[in-house]
Amino acid sequence: MKMTSSRVSTVRKNALSVSEPRLCSRTSCKVAPLSLGWRRGELSSSENSRALLKTVSHKPSAAQKSRVLKVTASGEKARKYRRVVFGGPEWIRHRSTNRYLRHIATMFSSRVIRNLLLPVSFFTGLTVFTGFINTYGMGGEPMNVVLPNSPFSLTAGALSLLLVFRTNSSYGRWWEARKIWGGLLNRSRDFVRQGLTWFSDDDANLKEQLVRYTIAFATALKVHLRDDEDMREELSAILLPSEVTEALEEAHVPNHLLRIISQIVWQAQLEPILTTQMDENITFFEDVLGKCERIYKTPIPMSYTRMTSRFLIVWLAFLPLALWKEMGWAAVPVEFMTSLFLLGIEDIGVQIEEPFSILSCEAICGSVENNSIAMLVSQDKSNAVVDPKGPYNRVSSDYQVNLLPTDQVVGFFDN
């Protein structure tokens with residue numbers, strides 16, 4: 001169904017008035033679910049069009065809350081608050097010199113530190129126990145249970161290398177995942193642009209279906225890489241009920257959606273070269289799917305993770321015996337801070353090793369949805385801008401090209 005120019009103008013104004021969704025560290029937003037009228041191809045009112053691009057606060061359903069409550073580790077519940085997207089205000093605050101005071105003031109409210117209170121308390125308690133037996137003894141007489149500093153000096157370098165390599169490897173996985181999802185956003189824009197431009201004007205339903213399934217693929221990939229989201233709930237906001245049911249019957253939902261997208265492109269009966277170019281983008285989507293699954297299913301070798309953890313635990317457990325010899329009861333706060341920071345570095349490496357639950361994939365899916373719908377509802381206006389009979393193709397005295405004589409042209413290049 002072809003949209004009128006007035007309807008396109010209204011929708012375009014609404015699209016430009018809404019910024020792209022952004023997830024901050026303490027708030028969660030996503031694009032509002034697509035209205036059923038749009039999913040059926042019935043863009044019949046400006047109110048319906050405004051609903052397409054409106055961003056609202058995301059309130060999890062009862063089913064989502066129950067799934068979250070089943071997670072026993074408090075750190076898992078807090079991962080969604082790490083899905084941060086920066087804009088201008090966030091960068092200004094991030095590089096402000098006030099960050100030092102802010103970071104110190106919020107140190108003990110940090111989720112990373114709060115998650116480490118149990119192991120840090122254990123090592124601090126060992127230090128207190130070391131001080132007790134060296135001061136009062138077990139039978140009333142002081143004991144002298146200490147170790148020299150040289151073993152810790154010799155092994156500190158090796159422990160530092162293990163921690164640095166662990167953290168760098170995890171960050172590499174996180175950054176690769178972010179680049180993969182950035183590529184998905186770019187190719188989704190390009191793919192929708194190709195379809196809306198190259199499909200025939202008579203294929204309005206195919207165009208809408210192409211946009212719908214492109215958005216659905218990004219959303220399905222996000223759910224596919226997380227354990228606390230429901231595929232049916234997410235896709236029901238995008239696809240028709242029959243399309244959702246068909247997709248959920250498949251063993252691999254994202255792969256099924258890509259197959260449907262291929263059929264949509266084939267059904268458009270484009271010229272072979274155009275079909276090939278669009279198929280290259282579909283192949284890229286397949287590569288994105290495979291790369292994400294590779295990162296998700298393949299952790300850093302477990303032996304390396306276990307060895308680093310064991311090394312760190314033993315090192316911190318015996319450290320109070322070396323600290324007590326020189327520092328006495330001052331070893332207690334020193335052990336507390338040392339274990340807090342070393343365990344914090346190791347824990348950060350573990351937390352970012354699986355990147356998809358802390359990446360703001362919702363914001364990227366929202367951008368795919370906003371950009372795709374904006375191109376769909378503004379295509380008629382864009383077509384009107386392109387004038388095949390522009391001034392350089394018209395016979396007009398206002399646009400005359402004064403050509404130099406041939407001998408003057410040759411002389412010009414000789415100079």
# chains A, B, ... in the order shown; residues from 1 in each chain; ligands from 1
call {"tool": "closest_atom_pairs", "arguments": {"of": "stretch 219-338 of chain A", "to": "stretch 157-161 of chain A", "cutoff": "8 Å", "atoms": "only C-alpha atoms", "output": "CSV"}}
result
residue,atom,partner,partner_atom,distance
A:Thr308,CA,A:Leu159,CA,7.6
A:Phe311,CA,A:Leu159,CA,7.3
A:Leu312,CA,A:Leu159,CA,7.1
call {"tool": "write_last_selection", "arguments": {"atoms": "N, CA and C atoms", "output": "compact mmCIF listing (two decimals), in the first residue's frame"}}
result
# COMPACT_ATOMS: atom_id res chain seq x y z
N THR A 308 45.08 -19.07 37.18
CA THR A 308 45.18 -17.69 37.66
C THR A 308 44.46 -17.52 39.00
N PHE A 311 46.44 -19.44 41.81
CA PHE A 311 47.66 -18.70 42.12
C PHE A 311 47.33 -17.50 43.00
N LEU A 312 46.31 -16.75 42.62
CA LEU A 312 45.95 -15.54 43.36
C LEU A 312 45.45 -15.88 44.77
call {"tool": "residues_around", "arguments": {"residues": "stretch 327-331 of chain A", "least_positions_apart": "3", "cutoff": "10 Å", "atoms": "only C-alpha atoms", "output": "VMD selection string"}}
result
chain A and resid 124 127 to 128 130 to 132 134 to 135 319 to 324 334 to 337
call {"tool": "residues_around", "arguments": {"residues": "stretch 195-209 of chain A", "least_positions_apart": "2", "cutoff": "10 Å", "atoms": "only C-alpha atoms", "output": "VMD selection string"}}
result
chain A and resid 1 to 3 38 to 41 190 to 193 211 to 215 239 260 to 261 264 to 265 267 to 271 274 to 275 278 372 to 373 375 to 377 379 to 380 382 to 383
call {"tool": "write_last_selection", "arguments": {"atoms": "N, CA and C atoms", "output": "mmCIF file, in the first residue's frame"}}
result
data_model
loop_
_atom_site.group_PDB
_atom_site.id
_atom_site.type_symbol
_atom_site.label_atom_id
_atom_site.label_comp_id
_atom_site.auth_asym_id
_atom_site.auth_seq_id
_atom_site.Cartn_x
_atom_site.Cartn_y
_atom_site.Cartn_z
ATOM 1 N N MET A 1 0.850 -1.195 0.000
ATOM 2 C CA MET A 1 0.000 0.000 0.000
ATOM 3 C C MET A 1 0.878 1.235 0.000
ATOM 4 N N LYS A 2 0.682 2.065 -0.966
ATOM 5 C CA LYS A 2 1.526 3.238 -1.125
ATOM 6 C C LYS A 2 1.045 4.357 -0.217
ATOM 7 N N MET A 3 1.950 4.956 0.513
ATOM 8 C CA MET A 3 1.593 6.013 1.448
ATOM 9 C C MET A 3 1.508 7.348 0.734
ATOM 10 N N TRP A 38 1.073 -1.311 11.977
ATOM 11 C CA TRP A 38 2.234 -1.233 11.082
ATOM 12 C C TRP A 38 2.648 -2.620 10.623
ATOM 13 N N ARG A 39 2.596 -3.607 11.542
ATOM 14 C CA ARG A 39 3.007 -4.946 11.178
ATOM 15 C C ARG A 39 2.092 -5.539 10.102
ATOM 16 N N ARG A 40 0.870 -5.014 10.016
ATOM 17 C CA ARG A 40 -0.040 -5.483 8.980
ATOM 18 C C ARG A 40 0.001 -4.613 7.738
ATOM 19 N N GLY A 41 0.859 -3.611 7.754
ATOM 20 C CA GLY A 41 0.955 -2.727 6.610
ATOM 21 C C GLY A 41 -0.133 -1.693 6.559
ATOM 22 N N ASP A 190 22.289 -0.518 5.438
ATOM 23 C CA ASP A 190 22.596 -0.649 4.020
ATOM 24 C C ASP A 190 21.634 -1.610 3.342
ATOM 25 N N PHE A 191 21.319 -2.714 4.018
ATOM 26 C CA PHE A 191 20.439 -3.730 3.436
ATOM 27 C C PHE A 191 19.030 -3.183 3.233
ATOM 28 N N VAL A 192 18.503 -2.475 4.226
ATOM 29 C CA VAL A 192 17.170 -1.890 4.096
ATOM 30 C C VAL A 192 17.169 -0.815 3.013
ATOM 31 N N ARG A 193 18.222 -0.022 2.958
ATOM 32 C CA ARG A 193 18.315 0.994 1.901
ATOM 33 C C ARG A 193 18.271 0.362 0.524
ATOM 34 N N VAL A 211 11.774 -4.971 5.987
ATOM 35 C CA VAL A 211 12.103 -4.162 7.156
ATOM 36 C C VAL A 211 11.783 -4.923 8.431
ATOM 37 N N ARG A 212 10.637 -5.563 8.447
ATOM 38 C CA ARG A 212 10.188 -6.278 9.641
ATOM 39 C C ARG A 212 11.155 -7.402 10.013
ATOM 40 N N TYR A 213 11.577 -8.172 9.032
ATOM 41 C CA TYR A 213 12.453 -9.305 9.313
ATOM 42 C C TYR A 213 13.887 -8.872 9.586
ATOM 43 N N THR A 214 14.309 -7.754 9.023
ATOM 44 C CA THR A 214 15.642 -7.241 9.350
ATOM 45 C C THR A 214 15.710 -6.829 10.809
ATOM 46 N N ILE A 215 14.680 -6.143 11.275
ATOM 47 C CA ILE A 215 14.608 -5.772 12.692
ATOM 48 C C ILE A 215 14.515 -7.020 13.563
ATOM 49 N N LEU A 239 6.982 -9.114 14.688
ATOM 50 C CA LEU A 239 6.417 -9.949 13.632
ATOM 51 C C LEU A 239 4.934 -10.195 13.857
ATOM 52 N N ILE A 260 14.220 -16.583 5.606
ATOM 53 C CA ILE A 260 13.044 -15.848 5.135
ATOM 54 C C ILE A 260 13.465 -14.569 4.418
ATOM 55 N N ILE A 261 14.484 -13.895 4.951
ATOM 56 C CA ILE A 261 14.974 -12.677 4.290
ATOM 57 C C ILE A 261 15.485 -12.993 2.899
ATOM 58 N N ILE A 264 12.569 -13.326 0.631
ATOM 59 C CA ILE A 264 11.981 -12.026 0.295
ATOM 60 C C ILE A 264 12.751 -11.368 -0.840
ATOM 61 N N VAL A 265 14.074 -11.397 -0.750
ATOM 62 C CA VAL A 265 14.900 -10.802 -1.810
ATOM 63 C C VAL A 265 14.684 -11.546 -3.125
ATOM 64 N N GLN A 267 12.024 -13.189 -4.036
ATOM 65 C CA GLN A 267 10.667 -12.934 -4.506
ATOM 66 C C GLN A 267 10.565 -11.590 -5.211
ATOM 67 N N ALA A 268 11.448 -10.653 -4.889
ATOM 68 C CA ALA A 268 11.413 -9.339 -5.526
ATOM 69 C C ALA A 268 11.832 -9.389 -6.985
ATOM 70 N N GLN A 269 12.485 -10.468 -7.412
ATOM 71 C CA GLN A 269 12.878 -10.667 -8.809
ATOM 72 C C GLN A 269 13.686 -9.477 -9.345
ATOM 73 N N LEU A 270 14.750 -9.160 -8.632
ATOM 74 C CA LEU A 270 15.637 -8.095 -9.070
ATOM 75 C C LEU A 270 16.578 -8.604 -10.156
ATOM 76 N N GLU A 271 17.304 -7.675 -10.736
ATOM 77 C CA GLU A 271 18.346 -8.081 -11.667
ATOM 78 C C GLU A 271 19.406 -8.891 -10.919
ATOM 79 N N LEU A 274 21.905 -7.049 -8.710
ATOM 80 C CA LEU A 274 21.334 -6.451 -7.503
ATOM 81 C C LEU A 274 21.033 -7.522 -6.451
ATOM 82 N N THR A 275 20.537 -8.651 -6.916
ATOM 83 C CA THR A 275 20.289 -9.760 -5.986
ATOM 84 C C THR A 275 21.580 -10.213 -5.333
ATOM 85 N N MET A 278 22.626 -7.742 -2.562
ATOM 86 C CA MET A 278 21.843 -7.888 -1.346
ATOM 87 C C MET A 278 22.182 -9.201 -0.630
ATOM 88 N N SER A 372 15.489 1.815 10.214
ATOM 89 C CA SER A 372 14.787 1.064 9.162
ATOM 90 C C SER A 372 13.376 1.604 8.954
ATOM 91 N N ILE A 373 12.669 1.856 10.048
ATOM 92 C CA ILE A 373 11.301 2.364 9.922
ATOM 93 C C ILE A 373 11.308 3.774 9.346
ATOM 94 N N MET A 375 13.407 5.008 7.213
ATOM 95 C CA MET A 375 13.598 4.902 5.758
ATOM 96 C C MET A 375 12.337 4.399 5.076
ATOM 97 N N LEU A 376 11.621 3.478 5.720
ATOM 98 C CA LEU A 376 10.412 2.939 5.109
ATOM 99 C C LEU A 376 9.338 4.006 4.965
ATOM 100 N N VAL A 377 9.084 4.766 6.026
ATOM 101 C CA VAL A 377 7.982 5.724 5.988
ATOM 102 C C VAL A 377 8.339 6.978 5.196
ATOM 103 N N GLN A 379 10.179 6.865 2.255
ATOM 104 C CA GLN A 379 10.667 6.512 0.921
ATOM 105 C C GLN A 379 9.970 7.296 -0.184
ATOM 106 N N ASP A 380 8.667 7.562 -0.036
ATOM 107 C CA ASP A 380 7.967 8.327 -1.071
ATOM 108 C C ASP A 380 8.507 9.748 -1.171
ATOM 109 N N SER A 382 11.522 10.665 -0.363
ATOM 110 C CA SER A 382 12.861 10.575 -0.934
ATOM 111 C C SER A 382 12.795 10.406 -2.441
ATOM 112 N N ASN A 383 11.831 9.613 -2.907
ATOM 113 C CA ASN A 383 11.689 9.432 -4.355
ATOM 114 C C ASN A 383 11.305 10.732 -5.041
#
call {"tool": "closest_residue", "arguments": {"among": "A:Ser169, A:Gln277, A:Ser188, A:Asn255", "to": "A:Glu346", "atoms": "only C-alpha atoms"}}
result
A:Ser169
call {"tool": "atom_distance", "arguments": {"atom1": "atom CA of A:Ala251", "atom2": "atom CA of A:Gly182"}}
result
26.3 Å
call {"tool": "closest_atom_pairs", "arguments": {"of": "stretch 164-282 of chain A", "to": "stretch 354-363 of chain A", "cutoff": "7 Å", "atoms": "only C-alpha atoms", "output": "tab-separated table"}}
result
residue	atom	partner	partner_atom	distance
A:Trp174	CA	A:Pro355	CA	5.0
A:Ala177	CA	A:Pro355	CA	6.7
A:Lys222	CA	A:Cys361	CA	6.4
A:Leu225	CA	A:Phe356	CA	6.5
A:Arg226	CA	A:Ser357	CA	6.3
call {"tool": "residues_around", "arguments": {"residues": "A:Val244", "least_positions_apart": "4", "cutoff": "12 Å", "atoms": "only C-alpha atoms", "output": "MDAnalysis selection string"}}
result
chainID A and resid 39 212:213 216:217 220 231:240 248:250 253:254 256:257
call {"tool": "atom_distance", "arguments": {"atom1": "atom CA of A:Glu243", "atom2": "atom CA of A:Glu369"}}
result
17.7 Å
call {"tool": "closest_residue", "arguments": {"among": "A:Val112, A:Leu147, A:Ala156, A:Ile352", "to": "A:Pro299", "atoms": "only C-alpha atoms"}}
result
A:Ile352
call {"tool": "atom_distance", "arguments": {"atom1": "atom CA of A:Phe122", "atom2": "atom CA of A:Glu141"}}
result
25.1 Å
call {"tool": "residues_around", "arguments": {"residues": "A:Glu286", "least_positions_apart": "4", "cutoff": "8 Å", "atoms": "only C-alpha atoms", "output": "PyMOL selection string"}}
result
chain A and resi 255+258+282+290
call {"tool": "write_last_selection", "arguments": {"atoms": "C-alpha atoms", "output": "JSON list (two decimals), in the first residue's frame"}}
result
[["chain", "number", "residue", "atom", "x", "y", "z"],
["A", 255, "ASN", "CA", 19.02, -18.71, 11.02],
["A", 258, "LEU", "CA", 17.80, -15.10, 7.53],
["A", 282, "ILE", "CA", 22.71, -11.56, 4.09],
["A", 290, "GLY", "CA", 28.60, -17.30, 13.60]]
call {"tool": "closest_residue", "arguments": {"among": "A:Phe165, A:Ile133, A:Arg310, A:Tyr171", "to": "A:Val145", "atoms": "only C-alpha atoms"}}
result
A:Ile133
